[in-house]
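Quick look at target_14.txt (compact mmCIF, C-alpha atoms and all ligand atoms):
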```txt
# COMPACT_ATOMS: atom_id res chain seq x y z
CA MET U 211 11.00 34.36 143.62
CA LYS U 212 14.29 33.71 141.86
CA ARG U 213 13.52 32.16 138.49
CA LEU U 214 16.39 31.47 136.15
CA MET U 215 13.87 30.24 133.60
CA ARG U 216 12.45 33.74 133.18
CA LEU U 217 15.11 34.76 130.67
CA ARG U 218 14.56 31.59 128.66
CA ALA U 219 10.85 32.12 128.17
CA SER U 220 10.96 33.46 124.60
CA GLN U 221 13.27 33.36 121.60
CA HIS U 222 13.78 37.13 121.93
CA LEU U 223 14.95 36.77 125.52
CA ARG U 224 17.13 33.77 124.69
CA ASP U 225 18.75 35.72 121.84
CA LEU U 226 19.23 38.75 124.09
CA CYS U 227 21.17 36.64 126.57
CA ALA U 228 23.16 34.47 124.14
CA GLU U 229 26.87 34.64 124.93
CA THR U 230 28.32 32.70 122.02
CA GLU U 231 28.55 34.45 118.70
CA PHE U 232 30.41 33.43 115.60
CA ASN U 233 30.40 33.81 111.86
CA ARG U 234 31.05 31.66 108.81
CA ALA U 235 34.60 33.00 108.47
CA GLN U 236 35.45 31.06 111.65
CA LEU U 237 34.38 27.72 110.18
CA ILE U 238 36.89 25.79 108.08
CA GLN U 239 35.73 23.17 105.56
CA PRO U 240 38.08 20.19 105.00
CA PHE U 241 38.16 18.42 101.63
CA PHE U 242 40.06 15.48 100.14
CA VAL U 243 41.68 15.45 96.71
CA VAL U 244 42.87 12.03 95.61
CA GLU U 245 45.39 11.82 92.79
CA GLY U 246 44.24 9.84 89.77
CA LEU U 247 40.64 9.37 90.90
CA ASN U 248 38.27 8.86 87.92
CA GLN U 249 35.14 9.95 89.71
CA THR U 250 34.15 11.11 93.18
CA GLU U 251 33.82 8.47 95.87
CA PRO U 252 31.53 8.65 98.90
CA ILE U 253 33.11 8.67 102.37
CA PRO U 254 31.16 6.34 104.65
CA GLY U 255 29.89 8.25 107.68
CA LEU U 256 30.65 11.76 106.39
CA ARG U 257 27.45 13.07 104.86
CA GLY U 258 27.95 15.80 102.29
CA ASN U 259 31.65 14.94 101.84
CA VAL U 260 33.27 12.88 99.07
CA ARG U 261 36.76 12.05 97.81
CA HIS U 262 37.49 14.40 94.92
CA ASN U 263 39.69 14.59 91.87
CA ILE U 264 40.84 18.08 90.90
CA PRO U 265 37.93 18.95 88.54
CA SER U 266 35.29 17.84 91.04
CA ALA U 267 37.07 19.67 93.87
CA LEU U 268 36.98 22.87 91.83
CA LYS U 269 33.23 22.43 91.28
CA GLN U 270 32.67 21.77 94.98
CA ILE U 271 34.66 24.85 96.00
CA GLU U 272 32.67 26.98 93.58
CA LYS U 273 29.46 25.75 95.19
CA ASP U 274 30.86 26.18 98.70
CA LEU U 275 31.92 29.75 97.96
CA ALA U 276 28.37 30.46 96.78
CA ASP U 277 27.17 28.98 100.08
CA GLY U 278 29.38 31.37 102.00
CA VAL U 279 32.37 29.14 102.88
CA THR U 280 35.66 31.03 102.67
CA GLN U 281 38.04 28.84 104.70
CA PHE U 282 39.19 25.47 103.34
CA LEU U 283 41.58 22.79 104.55
CA LEU U 284 42.99 20.55 101.81
CA PHE U 285 43.95 16.95 102.51
CA PRO U 286 46.07 15.84 99.56
CA VAL U 287 46.09 12.09 98.88
CA PRO U 288 48.84 11.07 96.43
CA SER U 289 48.48 7.78 94.55
CA MET U 290 52.14 6.73 94.76
CA LYS U 291 53.14 5.77 98.31
CA LYS U 292 56.83 5.93 99.22
CA ASP U 293 58.96 5.77 102.35
CA SER U 294 60.96 8.98 101.84
CA GLY U 295 61.80 11.53 99.13
CA PHE U 296 58.13 12.39 98.66
CA ASP U 297 56.93 13.97 95.48
CA HIS U 298 54.55 16.90 95.90
CA GLN U 299 53.70 17.38 92.25
CA SER U 300 50.05 16.34 92.46
CA THR U 301 49.45 18.49 95.57
CA ARG U 302 51.14 21.47 93.97
CA GLU U 303 48.94 20.99 90.92
CA THR U 304 45.79 20.90 93.09
CA ILE U 305 46.78 24.05 94.97
CA SER U 306 47.77 26.02 91.89
CA GLN U 307 44.57 25.12 90.01
CA ILE U 308 42.47 26.25 92.98
CA ARG U 309 44.48 29.47 93.20
CA LYS U 310 44.18 30.05 89.47
CA GLN U 311 40.43 29.58 89.41
CA PHE U 312 39.44 31.34 92.62
CA GLY U 313 42.23 33.85 93.30
CA ASN U 314 41.97 35.37 96.75
CA SER U 315 38.28 34.67 97.27
CA LEU U 316 39.20 31.82 99.62
CA CYS U 317 41.74 31.06 102.31
CA LEU U 318 43.43 27.72 101.59
CA TRP U 319 45.16 25.79 104.37
CA ILE U 320 47.07 22.60 103.56
CA ASP U 321 47.23 19.67 105.93
CA THR U 322 50.93 18.87 106.15
CA CYS U 323 51.79 15.35 107.24
CA LEU U 324 53.37 12.23 105.77
CA CYS U 325 50.72 9.58 106.56
CA SER U 326 48.94 9.91 103.21
CA TYR U 327 52.32 9.67 101.44
CA THR U 328 53.98 6.74 103.20
CA THR U 329 53.59 3.04 102.35
CA HIS U 330 53.12 2.26 106.05
CA GLY U 331 50.63 5.05 106.81
CA HIS U 332 52.60 6.48 109.74
CA CYS U 333 53.19 10.24 110.05
CA ALA U 334 56.99 9.91 109.89
CA VAL U 335 59.96 8.48 108.05
CA LEU U 336 60.74 5.17 109.78
CA ASP U 337 63.57 2.70 110.00
CA GLU U 338 63.78 -0.59 111.90
CA LYS U 339 64.37 1.33 115.17
CA GLY U 340 61.36 3.60 114.74
CA ILE U 341 60.91 7.27 113.85
CA LYS U 342 63.78 9.02 112.05
CA LEU U 343 63.08 12.48 113.41
CA ASP U 344 65.57 14.57 111.44
CA GLU U 345 64.52 13.03 108.12
CA THR U 346 60.85 13.46 109.05
CA LEU U 347 61.27 17.15 109.90
CA GLU U 348 63.19 17.67 106.67
CA GLU U 349 60.38 16.10 104.63
CA LEU U 350 57.75 18.18 106.44
CA ALA U 351 59.72 21.37 105.85
CA ARG U 352 60.11 20.51 102.14
CA SER U 353 56.35 19.87 101.91
CA ALA U 354 55.51 23.21 103.54
CA VAL U 355 57.75 25.14 101.14
CA ALA U 356 56.35 23.25 98.12
CA PHE U 357 52.78 24.05 99.19
CA ALA U 358 53.56 27.71 99.85
CA GLU U 359 55.26 27.99 96.45
CA ALA U 360 52.15 26.56 94.80
CA GLY U 361 49.98 29.21 96.46
CA ALA U 362 48.83 27.89 99.85
CA ASP U 363 47.64 30.55 102.27
CA GLY U 364 48.63 28.59 105.37
CA ILE U 365 50.37 25.41 106.51
CA SER U 366 48.78 23.00 109.00
CA PRO U 367 51.19 20.41 110.38
CA SER U 368 49.28 17.47 111.88
CA ASP U 369 52.01 14.90 112.59
CA MET U 370 52.81 15.65 116.28
CA MET U 371 56.58 15.20 115.80
CA ASP U 372 58.76 17.16 118.22
CA GLY U 373 60.20 20.24 116.58
CA ARG U 374 58.11 20.27 113.39
CA VAL U 375 56.67 23.76 113.83
CA GLY U 376 60.07 25.34 114.40
CA ARG U 377 61.57 23.51 111.41
CA ILE U 378 58.66 24.43 109.13
CA ARG U 379 58.71 28.04 110.29
CA SER U 380 62.39 28.48 109.53
CA ALA U 381 62.06 26.74 106.14
CA LEU U 382 59.18 29.04 105.19
CA ASP U 383 61.11 32.11 106.33
CA GLU U 384 64.29 31.06 104.51
CA ASN U 385 62.32 30.72 101.29
CA GLY U 386 60.59 34.08 101.44
CA PHE U 387 57.29 32.90 102.91
CA ASN U 388 57.53 34.76 106.18
CA LEU U 389 53.91 35.89 105.91
CA VAL U 390 52.53 32.35 105.50
CA PRO U 391 51.01 31.34 108.86
CA VAL U 392 51.28 27.97 110.60
CA MET U 393 48.05 26.60 112.07
CA SER U 394 49.38 23.77 114.17
CA TYR U 395 47.49 20.68 115.24
CA SER U 396 49.11 21.44 118.54
CA THR U 397 47.13 19.28 120.99
CA LYS U 398 46.25 16.15 119.03
CA PHE U 399 45.30 12.98 120.84
CA ALA U 400 45.53 9.37 119.77
CA SER U 401 41.80 8.75 119.33
CA ASN U 402 39.15 6.33 118.21
CA PHE U 403 37.25 9.17 116.58
CA TYR U 404 39.39 9.39 113.42
CA GLY U 405 37.84 6.31 111.74
CA PRO U 406 35.94 7.79 108.76
CA PHE U 407 38.87 10.13 108.00
CA ARG U 408 41.39 7.33 107.64
CA ASN U 409 39.39 5.76 104.83
CA ALA U 410 39.06 9.13 103.13
CA ALA U 411 42.77 9.95 103.30
CA ASP U 412 44.28 6.44 102.80
CA SER U 413 46.16 7.08 106.02
CA ALA U 414 45.43 4.14 108.33
CA PRO U 415 48.70 2.84 109.81
CA GLN U 416 49.55 -0.55 108.34
CA PHE U 417 51.05 -1.73 111.63
CA GLY U 418 50.98 -0.54 115.22
CA ASP U 419 49.25 2.70 116.16
CA ARG U 420 50.14 6.35 116.71
CA ARG U 421 50.31 6.37 120.48
CA HIS U 422 54.05 6.95 120.52
CA TYR U 423 53.64 10.37 118.94
CA GLN U 424 50.01 11.42 119.45
CA LEU U 425 48.90 12.47 122.93
CA ASP U 426 47.57 10.21 125.69
CA VAL U 427 43.97 11.15 126.47
CA ARG U 428 44.61 10.65 130.20
CA ASN U 429 47.26 13.35 130.37
CA ARG U 430 46.12 16.96 130.78
CA SER U 431 49.47 18.61 131.51
CA GLY U 432 51.17 16.93 128.56
CA ALA U 433 48.29 18.03 126.33
CA ILE U 434 48.72 21.68 127.34
CA ALA U 435 52.52 21.43 127.12
CA ALA U 436 52.26 20.26 123.50
CA SER U 437 50.45 23.46 122.54
CA VAL U 438 52.80 25.64 124.60
CA ARG U 439 55.72 24.05 122.78
CA CYS U 440 54.15 24.78 119.37
CA ALA U 441 53.60 28.39 120.43
CA GLU U 442 57.24 28.69 121.47
CA GLU U 443 58.34 27.26 118.12
CA GLY U 444 56.41 29.94 116.27
CA ALA U 445 52.92 28.56 115.56
CA ASP U 446 50.42 31.30 114.73
CA LEU U 447 47.25 29.37 115.54
CA LEU U 448 46.74 26.41 117.86
CA MET U 449 44.18 23.62 117.83
CA VAL U 450 42.71 20.80 119.88
CA LYS U 451 41.77 17.53 118.18
CA PRO U 452 39.34 15.79 118.62
CA GLY U 453 37.31 18.84 119.55
CA LEU U 454 34.51 17.47 121.71
CA THR U 455 36.82 15.34 123.84
CA SER U 456 39.20 18.31 124.40
CA LEU U 457 36.77 21.06 125.40
CA ASP U 458 38.39 21.48 128.82
CA LEU U 459 41.75 22.33 127.22
CA ILE U 460 40.83 25.14 124.84
CA ARG U 461 40.69 28.02 127.31
CA PRO U 462 43.74 26.95 129.33
CA ILE U 463 45.79 26.68 126.11
CA HIS U 464 44.71 30.17 125.06
CA GLU U 465 45.47 31.59 128.49
CA ARG U 466 48.87 29.92 128.70
CA THR U 467 50.04 30.96 125.23
CA GLY U 468 48.10 34.10 124.37
CA LEU U 469 47.40 32.48 121.00
CA GLN U 470 44.01 31.69 119.56
CA CYS U 471 43.02 28.06 119.75
CA GLY U 472 40.54 26.29 117.48
CA ALA U 473 38.78 22.94 117.65
CA TYR U 474 38.71 20.21 115.02
CA GLN U 475 35.33 18.50 114.97
CA VAL U 476 36.83 15.25 113.69
CA SER U 477 35.27 12.70 111.34
CA GLY U 478 34.06 10.41 114.12
CA GLU U 479 32.28 13.26 115.90
CA PHE U 480 30.66 14.56 112.73
CA GLY U 481 29.97 11.01 111.53
CA GLY U 482 28.29 10.19 114.83
CA LEU U 483 25.77 12.94 114.18
CA SER U 484 25.27 11.67 110.60
CA VAL U 485 24.63 8.11 111.75
CA LEU U 486 22.20 9.16 114.49
CA ALA U 487 20.35 11.37 112.01
CA ASP U 488 20.24 8.54 109.44
CA GLN U 489 18.55 6.40 112.09
CA GLY U 490 16.01 9.15 112.71
CA LEU U 491 17.27 9.61 116.27
CA ILE U 492 18.34 13.27 116.09
CA LYS U 493 17.83 16.28 113.84
CA PHE U 494 21.17 16.59 112.09
CA ASP U 495 21.16 20.36 111.49
CA GLU U 496 20.16 21.29 115.01
CA ALA U 497 22.61 18.87 116.58
CA LEU U 498 25.45 20.18 114.40
CA LEU U 499 24.69 23.77 115.36
CA GLU U 500 24.53 22.75 119.02
CA THR U 501 28.05 21.32 118.87
CA TRP U 502 29.40 24.52 117.25
CA HIS U 503 27.93 26.66 120.01
CA VAL U 504 29.57 24.38 122.56
CA PHE U 505 32.98 24.80 120.89
CA LYS U 506 32.55 28.57 120.99
CA ARG U 507 31.38 28.46 124.63
CA ALA U 508 34.54 26.50 125.45
CA GLY U 509 36.60 29.30 123.91
CA ALA U 510 37.38 28.00 120.42
CA GLN U 511 38.32 30.82 118.06
CA TYR U 512 37.64 28.72 114.97
CA ILE U 513 36.13 25.33 114.18
CA ILE U 514 37.26 22.88 111.53
CA THR U 515 34.12 20.95 110.60
CA TYR U 516 32.95 18.74 107.74
CA GLY U 517 29.69 20.69 107.95
CA ALA U 518 31.01 24.23 107.36
CA ARG U 519 29.16 24.19 104.04
CA TYR U 520 25.84 23.93 105.92
CA ALA U 521 26.48 27.06 108.02
CA LYS U 522 24.63 29.49 105.80
CA SER U 523 21.54 27.29 105.68
CA LEU U 524 21.76 27.03 109.48
CA GLY U 525 21.51 30.80 109.72
CA ILE U 526 25.16 31.54 110.59
CA GLY U 527 25.98 34.99 109.24
CA ARG U 528 29.20 36.21 107.73
ZN ZN U 601 49.60 12.04 109.80
```
Could you quickly redo this structure as structure tokens?
Amino acid sequence: MKRLMRLRASQHLRDLCAETEFNRAQLIQPFFVVEGLNQTEPIPGLRGNVRHNIPSALKQIEKDLADGVTQFLLFPVPSMKKDSGFDHQSTRETISQIRKQFGNSLCLWIDTCLCSYTTHGHCAVLDEKGIKLDETLEELARSAVAFAEAGADGISPSDMMDGRVGRIRSALDENGFNLVPVMSYSTKFASNFYGPFRNAADSAPQFGDRRHYQLDVRNRSGAIAASVRCAEEGADLLMVKPGLTSLDLIRPIHERTGLQCGAYQVSGEFGGLSVLADQGLIKFDEALLETWHVFKRAGAQYIITYGARYAKSLGIGR
């Protein structure tokens, strides 16, 4: 008799047949550094993650490195909000201190967007008519060069403005950073699942929403086209965000572009697991691991997750 259950009867057989495989080097740990913060602040919903100042971020990275994390994604949060002419001094300081202390023992990506810098919390320079695209691209390109100069390993534009990857790529190349890769948030939807993040990064829009530049969740072809466009503009790595609501897009994006595509397990997804676990309704560790396997099964090359620092304790090897 045909019995599909036969190969699930023991852990040995389940391991023998497992098709998803990954290692800690494919998990990226985000962290927030807030300029002028006196002490760390908890982030509601994101267990194991806090808002850092530079000294506490350095301590956290040291601990994370000991726990086997090697990939980090910095979200810089400046204290002075402006509308244009952004100052990257505090972010440069954060990057260069991390570089100085840890050398090449980590890979440091920098989220590159304007929403933590602007008074209005939108990802662009605005005027009364709306987005000023040229000025926005210019600011993003200046940011990318400033971060690369300070020692970033890679640039991660998250704004979803048309043309940003191409503009950033040429600015990096013109300034001698032609080996600094761009990991683009290439298929990024307007989503309800970004809630805990917005508190952490001071980036909630003060009016309106982001639906005129982030993707519409109902539109599959537009979602794939956004990643194809980033590939054409010179992105090195692509990404879907939020991860769990974009699983169906990961493999098609890879097949269409030939580029590797990752998944961002966003704050609302990770926070959902935290809240359920806090209520005693799920086992946090097992649920987290389950989601990672699903991202890999869907074809994700890498996963950005607030729980990367738990990977070693979950038995994920290097
Ligand atoms: Zn933004």
All residues 10 Å or closer to segment 338-341 of chain U, all atoms listed in the file, same chain fewer than 5 positions away omitted, as a PyMOL selection string
chain U and resi 332-333+346+371+422-423
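For the pair atom CA of Phe232 of chain U and atom CA of Pro462 of chain U, the separation is 20.2 Å.
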Near-segment 258-266 of chain U list (7 Å; all atoms listed in the file; drop same-chain fewer than 2 positions) as JSON, numbers by chain
{"U": [242, 243, 244, 245, 246, 247, 249, 250, 251, 252, 253, 256, 268, 269, 270, 304, 410]}
Generate the output file for the selected residues, C-alpha atoms, as an mmCIF file, in the coordinates of the input.
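Once everything was written out, this is selection-v5.cif:
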```cif
data_model
loop_
_atom_site.group_PDB
_atom_site.id
_atom_site.type_symbol
_atom_site.label_atom_id
_atom_site.label_comp_id
_atom_site.auth_asym_id
_atom_site.auth_seq_id
_atom_site.Cartn_x
_atom_site.Cartn_y
_atom_site.Cartn_z
ATOM 1 C CA PHE U 242 40.060 15.480 100.140
ATOM 2 C CA VAL U 243 41.680 15.450 96.710
ATOM 3 C CA VAL U 244 42.870 12.030 95.610
ATOM 4 C CA GLU U 245 45.390 11.820 92.790
ATOM 5 C CA GLY U 246 44.240 9.840 89.770
ATOM 6 C CA LEU U 247 40.640 9.370 90.900
ATOM 7 C CA GLN U 249 35.140 9.950 89.710
ATOM 8 C CA THR U 250 34.150 11.110 93.180
ATOM 9 C CA GLU U 251 33.820 8.470 95.870
ATOM 10 C CA PRO U 252 31.530 8.650 98.900
ATOM 11 C CA ILE U 253 33.110 8.670 102.370
ATOM 12 C CA LEU U 256 30.650 11.760 106.390
ATOM 13 C CA LEU U 268 36.980 22.870 91.830
ATOM 14 C CA LYS U 269 33.230 22.430 91.280
ATOM 15 C CA GLN U 270 32.670 21.770 94.980
ATOM 16 C CA THR U 304 45.790 20.900 93.090
ATOM 17 C CA ALA U 410 39.060 9.130 103.130
#
```
Nearest residue to Arg374 of chain U from the set U:Leu347, U:Ala235, U:Leu491, U:Leu454 (distances using all atoms listed in the file):
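Distance minimum relative to Arg374 of chain U lands on U:Leu347.
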Mind listing as a list of chain:residue names all residues within 9 Å of (45.7, 13.5, 99.5), counting only C-alpha atoms?
U:Phe242, U:Val243, U:Val244, U:Glu245, U:Leu284, U:Phe285, U:Pro286, U:Val287, U:Pro288, U:Ser289, U:Ser300, U:Thr301, U:Ser326, U:Tyr327, U:Ala410, U:Ala411, U:Asp412
Which distance in Å separates atom CA of Pro452 of chain U and atom CA of Cys325 of chain U, to one decimal?
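The value is 17.7 Å.
Based on all atoms listed in the file, the protein and nucleic acid residues found within 9 Å of ligand ZN 601 (chain U) are, by chain and then by number, Asp321, Thr322, Cys323, Leu324, Cys325, Ser326, Gly331, His332, Cys333, Ala334, Pro367, Ser368, Asp369, Met370, Ser413 and Arg420 of chain U.
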Up to 7 Å from (48.4, 21.7, 117.8) in the file's coordinates: name the residues, counting all atoms listed in the file, as a PyMOL selection string.
chain U and resi 394-398+437+440+448-450
Distance query segment 211-218 of chain U at most 8 Å, only C-alpha atoms, self and fewer than 4 positions along chain excluded, as a list of chain:residue names:
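Selected residues are U:Leu223, U:Arg224, U:Cys227.
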Å distance separating atom CA of Phe399 of chain U from atom CA of Leu425 of chain U, one decimal place:
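According to the coordinates, atom CA of Phe399 of chain U and atom CA of Leu425 of chain U are separated by 4.2 Å.
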Using only C-alpha atoms, pick whichever of U:Leu524, U:Leu389, U:Val438, U:Ile514 has the shortest atom-to-atom distance to Glu500 of chain U.
U:Leu524
So that I can check the surroundings of segment 291-296 of chain U, please list as JSON, numbers by chain every protein, DNA and RNA residue that reaches within 7 Å of it, counting only C-alpha atoms and ignoring chain neighbours fewer than 5 positions away.
{"U": [327, 328, 329, 335]}
Restricting the calculation to all atoms listed in the file, which member of U:Ala497, U:Ala267, U:Ala441, U:Ile434 is positioned closest to Pro240 of chain U?
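Using all atoms listed in the file, Pro240 of chain U sits closest to U:Ala267.
Distances here use all atoms listed in the file; by that measure, the residue among U:Arg352, U:Gly361, U:Asp344, U:Gly525 closest to Asn314 of chain U is U:Gly361.
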With distances taken over all atoms listed in the file, which residue among U:Ser380, U:Gln281, U:Gln239, U:Gln511 lies nearest Asp363 of chain U?
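Going through U:Ser380, U:Gln281, U:Gln239, U:Gln511 one by one, the smallest distance to Asp363 of chain U is for U:Gln281.
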Counting all atoms listed in the file, which of U:Ile271, U:Glu348, U:Gly255, U:Lys342 gets nearest to Gly405 of chain U?
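Nearest candidate to Gly405 of chain U out of U:Ile271, U:Glu348, U:Gly255, U:Lys342: U:Gly255.
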